[in-house]
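K.L.:
Quick one: this structure, given as structure tokens, is what I'll be asking you about.
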Amino acid sequence: NLREAHDAYVHALELARSIDDPHLVARVRLSVIAMALRLAENDEAALLLEEQRAHLARGATLTQRLEFARAEATLAISTLDDDVAVRAGNELLSLAREAGDVDAESKAHAVLAYGAHERGDFEAASAHYDQADAACAKIGNVRLRATLIINRGFLESDAGRLDRAAELFAAALPLAEGLEWKPGIGYLSVGRSELEFLRGNLDEALAIAQKACALGTETAERRLLAGALVALGAAQAGQGDLAAGIDSLQRGVAERRESGAVNGLPDDLAQLIEALLAAKRTDEAREAASELCAMLPARMERMRHPARVALSLAHEAESRGDAEAADEYRSLGARLLAERIRSLGSYGAAYAALPFNRALDAFWTRTVPASARETEIADPRPH
């Protein structure tokens, strides 16, 4: 039980502090940080990391600096902070090479792959995964290998390479099951559910999402539960069970907020808006759209699928008769989509083929003159 383990380490930390042993405090503090990260208690982890940083500033061994860098990189991924992930990943990579720690080197490349993925640089992410795989192969770390395959599956799925993503998820499943690694199986199930949803296989998406929700509840990993609930809600709503779908989506959005991984919120809210509109719950859809709209200037270019977000806002604007705002949102989404497709290199064609991207790409081609397709993106909120 993660919560019990966390509480036991917190008690141990209190005891270590009571006997005034800074080095023991530092060792136990890292254990508390590890438990807090798994429970998505990110504020607690961040506070303890600052304490650890202050301790290390007074003198630290290479091993201590390496352990700290590992924890900071993990926090960056837990909070979906790509800026910190890139900085912490590069620091971890440097320390790993200095220490000759191949396991940490593989972890560093995995963190850098995550940062590139969040920024929409799929080719850079893929290159880092190649390097992480190469390092992992030297040490035979099965759990790390499973993690890399799962994360690469999410990358390929987000990029629209659904068949490749399915192959990766299928390869990771026996590894995770063999380890009895419930969080890994849970995240894998979220990815598989999202993939089947995109393929239109709603029955399969629903069944897999239900398994992911059970694992998220059992493991108490909030980021896992948030993703599982959103996947479940999308499948439920897609099958026409709008009441259940909306409930699951709303719970997923709430868990996402509580987990601190708020970069995933825009895409979650977009799916919630579509379900609310389908249920003719327009007041709630407008409330969700207002929250989503407030996120746009800071986050639009780093959303997983800006076209889906823009389309949901366009649909909500249409529901209240604001055709001008709907066209502005579609134009915004189309411009962002065109820029992303251009930047994706070999991934561009597959990404363009995702269903919500096809709709906006057609709008862009039909309505925007070629001479206007390099314009700057302004504040996306309709005036």
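Chain identifiers are assigned as A, B, and so on, following the order in which chains appear in the structure tokens; residues are numbered from 1 within each chain, and ligands are numbered from 1 in order of appearance.
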Need to verify the contact set: Leu337 in chain A, 10 Å, only C-alpha atoms, exclusion of same-chain residues closer than 6 positions in sequence. Can you return it as a list in words?
P.N.:
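Final neighbour list, sorted by chain and number: Glu301, His305, Pro306, Ala307, Arg308, Ala310, Ser331, Ser343, Gly348, Tyr351, Ala352, Asn357, Arg358, Leu360, Asp361 and Trp364 of chain A.
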K.L.:
Counting only C-alpha atoms, give me one row per residue of range 88-159 of chain A with an atom at most 8 Å from an atom of range 47-69 of chain A, showing the shortest contact pair and its distance in Å to one decimal, sorted by chain then residue number, as a Markdown table.
P.N.:
| residue | atom | partner | partner_atom | distance |
| --- | --- | --- | --- | --- |
| A:Ala88 | CA | A:Ala69 | CA | 6.4 |
| A:Gly89 | CA | A:Ala69 | CA | 7.9 |
| A:Glu91 | CA | A:Ala69 | CA | 6.8 |
| A:Leu92 | CA | A:Ala69 | CA | 5.3 |
| A:Leu95 | CA | A:Leu66 | CA | 6.0 |
| A:Ala96 | CA | A:Leu66 | CA | 6.9 |
| A:Ala99 | CA | A:Leu62 | CA | 7.1 |
K.L.:
Write out the residues from the selection above, keeping C-alpha atoms, as a PDB file, in the first residue's frame.
P.N.:
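Resulting contents of result_37.pdb:
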ATOM      1  CA  ALA A  88      16.734  17.972 -15.321  1.00  0.00           C
ATOM      2  CA  GLY A  89      17.207  15.392 -18.060  1.00  0.00           C
ATOM      3  CA  GLU A  91      21.710  17.409 -15.796  1.00  0.00           C
ATOM      4  CA  LEU A  92      20.965  13.753 -15.096  1.00  0.00           C
ATOM      5  CA  LEU A  95      25.977  13.170 -14.005  1.00  0.00           C
ATOM      6  CA  ALA A  96      25.212   9.666 -15.273  1.00  0.00           C
ATOM      7  CA  ALA A  99      29.455   8.344 -12.781  1.00  0.00           C
TER       8      ALA A  99
END
K.L.:
Write out as a short mmCIF file (atom, residue, chain, number, x, y, z; two decimals) with C-alpha atoms, in the first residue's frame the residues lying within 8 Å of range 236-242 of chain A, counting only C-alpha atoms and excluding same-chain residues fewer than 3 positions away.
P.N.:
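File written: selection09.cif
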data_model
loop_
_atom_site.label_atom_id
_atom_site.label_comp_id
_atom_site.auth_asym_id
_atom_site.auth_seq_id
_atom_site.Cartn_x
_atom_site.Cartn_y
_atom_site.Cartn_z
CA LEU A 202 -15.52 1.57 -28.68
CA LEU A 206 -14.42 0.73 -22.86
CA LEU A 232 -13.45 5.61 -19.86
CA GLY A 233 -15.62 8.70 -20.24
CA GLY A 245 -19.45 9.43 -19.89
CA ILE A 246 -19.83 12.95 -18.54
CA ALA A 275 -19.97 15.13 -24.37
CA LEU A 276 -21.83 17.98 -22.63
CA ALA A 278 -24.14 16.03 -27.13
CA ALA A 279 -26.20 15.84 -23.93
#
K.L.:
For a test of reading the model, state the distance in Å between CA of Ser189 in chain A and CA of Ile208 in chain A, rounded to one decimal.
P.N.:
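A separation of 5.8 Å between them.
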K.L.:
Could you give me, as a Markdown table, a per-residue list for range 266-367 of chain A showing, wherever an atom lies at most 10 Å from an atom of range 191-201 of chain A, the closest pair of atoms and their distance in Å to one decimal, using only C-alpha atoms and sorting by chain then residue number from low to high?
P.N.:
| residue | atom | partner | partner_atom | distance |
| --- | --- | --- | --- | --- |
| A:Leu354 | CA | A:Leu198 | CA | 7.8 |
| A:Pro355 | CA | A:Leu198 | CA | 7.8 |
| A:Phe356 | CA | A:Leu198 | CA | 9.8 |
K.L.:
Just the selected residues (C-alpha atoms), exported as a PDB file, in the first residue's frame, please.
P.N.:
ATOM      1  CA  LEU A 354      -6.042  11.703 -37.119  1.00  0.00           C
ATOM      2  CA  PRO A 355      -9.807  12.333 -37.402  1.00  0.00           C
ATOM      3  CA  PHE A 356      -9.985  15.741 -35.711  1.00  0.00           C
TER       4      PHE A 356
END
K.L.:
Go through range 291-322 of chain A and collect every residue that DSSP, computed from the backbone, puts in alpha helix (DSSP H); the answer should be as a list in words.
P.N.:
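So the alpha helix (DSSP H) residues in range 291-322 of chain A would be Glu291, Leu292, Cys293, Ala294, Met295, Leu296, Pro297, Ala298, Arg299, Pro306, Ala307, Arg308, Val309, Ala310, Leu311, Ser312, Leu313, Ala314, His315, Glu316, Ala317, Glu318 and Ser319 of chain A.
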K.L.:
Can you write just those residues out, C-alpha atoms, as a PDB file, in the first residue's frame?
P.N.:
ATOM      1  CA  GLU A 291     -11.891  27.371 -18.346  1.00  0.00           C
ATOM      2  CA  LEU A 292     -10.325  25.929 -21.482  1.00  0.00           C
ATOM      3  CA  CYS A 293     -10.237  29.300 -23.252  1.00  0.00           C
ATOM      4  CA  ALA A 294      -8.313  30.851 -20.365  1.00  0.00           C
ATOM      5  CA  MET A 295      -5.537  28.283 -20.910  1.00  0.00           C
ATOM      6  CA  LEU A 296      -5.032  28.973 -24.597  1.00  0.00           C
ATOM      7  CA  PRO A 297      -2.451  31.746 -24.788  1.00  0.00           C
ATOM      8  CA  ALA A 298       0.026  29.893 -22.566  1.00  0.00           C
ATOM      9  CA  ARG A 299      -0.570  26.303 -23.616  1.00  0.00           C
ATOM     10  CA  PRO A 306      -4.627  21.530 -30.568  1.00  0.00           C
ATOM     11  CA  ALA A 307      -6.999  20.749 -33.423  1.00  0.00           C
ATOM     12  CA  ARG A 308      -9.289  18.762 -31.108  1.00  0.00           C
ATOM     13  CA  VAL A 309      -9.239  21.605 -28.590  1.00  0.00           C
ATOM     14  CA  ALA A 310     -10.025  24.211 -31.240  1.00  0.00           C
ATOM     15  CA  LEU A 311     -12.849  22.117 -32.689  1.00  0.00           C
ATOM     16  CA  SER A 312     -14.486  21.657 -29.293  1.00  0.00           C
ATOM     17  CA  LEU A 313     -14.392  25.411 -28.694  1.00  0.00           C
ATOM     18  CA  ALA A 314     -15.819  26.021 -32.171  1.00  0.00           C
ATOM     19  CA  HIS A 315     -18.647  23.574 -31.479  1.00  0.00           C
ATOM     20  CA  GLU A 316     -19.420  25.254 -28.147  1.00  0.00           C
ATOM     21  CA  ALA A 317     -19.468  28.691 -29.803  1.00  0.00           C
ATOM     22  CA  GLU A 318     -21.862  27.366 -32.463  1.00  0.00           C
ATOM     23  CA  SER A 319     -24.138  25.978 -29.735  1.00  0.00           C
TER      24      SER A 319
END
K.L.:
Could you pull the residues within 8 Å of Gly264 in chain A, counting only C-alpha atoms, minus those fewer than 6 positions along the same chain, as a PyMOL selection string?
P.N.:
chain A and resi 80+256+303-304
K.L.:
Now that the selection is made, can you save its residues with N, CA and C atoms as a PDB file, in the first residue's frame?
P.N.:
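The resulting file, selection.pdb, is reproduced below:
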ATOM      1  N   LEU A  80       4.169  16.976 -15.683  1.00  0.00           N
ATOM      2  CA  LEU A  80       4.135  17.250 -17.123  1.00  0.00           C
ATOM      3  C   LEU A  80       4.776  18.593 -17.458  1.00  0.00           C
ATOM      4  N   ARG A 256      -7.146  15.109 -12.608  1.00  0.00           N
ATOM      5  CA  ARG A 256      -6.025  15.739 -13.313  1.00  0.00           C
ATOM      6  C   ARG A 256      -5.592  17.002 -12.570  1.00  0.00           C
ATOM      7  N   MET A 303      -0.240  21.672 -26.543  1.00  0.00           N
ATOM      8  CA  MET A 303      -1.280  20.688 -26.280  1.00  0.00           C
ATOM      9  C   MET A 303      -1.036  19.441 -27.119  1.00  0.00           C
ATOM     10  N   ARG A 304      -1.534  18.308 -26.621  1.00  0.00           N
ATOM     11  CA  ARG A 304      -1.365  17.068 -27.374  1.00  0.00           C
ATOM     12  C   ARG A 304      -1.995  17.200 -28.753  1.00  0.00           C
TER      13      ARG A 304
END
K.L.:
Using only C-alpha atoms, which residue out of A:Asp21, A:Thr74, A:Arg320, A:Arg302 lies closest to Arg281 in chain A?
P.N.:
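Result for the nearest residue to Arg281 in chain A: A:Arg320.
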K.L.:
For Glu284 in chain A, which residue out of A:Ala36, A:Ala212, A:Leu148, A:Leu272 is the nearest one, using only C-alpha atoms?
P.N.:
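Residue with the minimum atom-to-atom distance to Glu284 in chain A: A:Leu272.
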K.L.:
Which residues, written as a list in words, have at least one atom at most 9 Å from Glu123 in chain A, with only C-alpha atoms counted and residues fewer than 2 positions away on the same chain left out?
P.N.:
Ala116, His117, Gly120, Asp121, Ala125, Ser126, Ala127, His128, Leu344, Gly345, Ser346 and Tyr347 of chain A
K.L.:
Do a neighbour search on Ala71 in chain A at 9 Å with only C-alpha atoms, toss out local chain neighbours closer than 6 positions, and write the hits as an MDAnalysis selection string.
P.N.:
chainID A and resid 30 33:34 37 45 49
K.L.:
Let's have the selection written as an mmCIF file, in the first residue's frame, with N, CA, C and O atoms.
P.N.:
data_model
loop_
_atom_site.group_PDB
_atom_site.id
_atom_site.type_symbol
_atom_site.label_atom_id
_atom_site.label_comp_id
_atom_site.auth_asym_id
_atom_site.auth_seq_id
_atom_site.Cartn_x
_atom_site.Cartn_y
_atom_site.Cartn_z
ATOM 1 N N LEU A 30 14.818 11.284 0.544
ATOM 2 C CA LEU A 30 14.686 10.784 -0.828
ATOM 3 C C LEU A 30 13.624 9.694 -0.925
ATOM 4 O O LEU A 30 12.890 9.610 -1.919
ATOM 5 N N ILE A 33 10.285 11.401 -0.861
ATOM 6 C CA ILE A 33 10.066 12.021 -2.173
ATOM 7 C C ILE A 33 9.576 10.984 -3.174
ATOM 8 O O ILE A 33 8.624 11.225 -3.932
ATOM 9 N N ALA A 34 10.221 9.813 -3.181
ATOM 10 C CA ALA A 34 9.825 8.756 -4.120
ATOM 11 C C ALA A 34 8.380 8.339 -3.902
ATOM 12 O O ALA A 34 7.611 8.169 -4.866
ATOM 13 N N LEU A 37 5.940 11.170 -5.004
ATOM 14 C CA LEU A 37 5.798 11.234 -6.456
ATOM 15 C C LEU A 37 4.845 10.160 -6.962
ATOM 16 O O LEU A 37 4.012 10.414 -7.846
ATOM 17 N N ALA A 45 6.512 16.674 -2.704
ATOM 18 C CA ALA A 45 7.771 16.270 -3.314
ATOM 19 C C ALA A 45 8.630 17.474 -3.662
ATOM 20 O O ALA A 45 9.850 17.471 -3.436
ATOM 21 N N LEU A 49 12.261 18.330 -2.178
ATOM 22 C CA LEU A 49 13.387 18.460 -3.096
ATOM 23 C C LEU A 49 14.166 19.753 -2.842
ATOM 24 O O LEU A 49 15.402 19.777 -2.951
#
K.L.:
If you count only C-alpha atoms, which residues fall within 8 Å of Leu188 in chain A, apart from same-chain ones fewer than 6 positions away, as a PDB file with N, CA, C and O atoms, in the first residue's frame?
P.N.:
ATOM      1  N   ILE A 150       6.340   1.413 -23.351  1.00  0.00           N
ATOM      2  CA  ILE A 150       5.035   2.035 -23.110  1.00  0.00           C
ATOM      3  C   ILE A 150       5.062   3.503 -23.508  1.00  0.00           C
ATOM      4  O   ILE A 150       4.173   3.988 -24.221  1.00  0.00           O
ATOM      5  N   PHE A 169       2.545  -1.419 -27.569  1.00  0.00           N
ATOM      6  CA  PHE A 169       1.757  -1.761 -26.389  1.00  0.00           C
ATOM      7  C   PHE A 169       1.666  -3.286 -26.216  1.00  0.00           C
ATOM      8  O   PHE A 169       1.743  -3.803 -25.095  1.00  0.00           O
ATOM      9  N   ALA A 172       4.885  -4.514 -24.766  1.00  0.00           N
ATOM     10  CA  ALA A 172       5.113  -4.126 -23.372  1.00  0.00           C
ATOM     11  C   ALA A 172       4.251  -4.913 -22.397  1.00  0.00           C
ATOM     12  O   ALA A 172       4.653  -5.129 -21.243  1.00  0.00           O
ATOM     13  N   LEU A 173       3.074  -5.355 -22.834  1.00  0.00           N
ATOM     14  CA  LEU A 173       2.127  -5.978 -21.906  1.00  0.00           C
ATOM     15  C   LEU A 173       2.697  -7.206 -21.203  1.00  0.00           C
ATOM     16  O   LEU A 173       2.612  -7.290 -19.965  1.00  0.00           O
TER      17      LEU A 173
END
K.L.:
Using only C-alpha atoms, find the one residue out of A:Lys107, A:Arg335, A:Arg223, A:Arg164 that sits nearest to Val190 in chain A.
P.N.:
A:Arg223
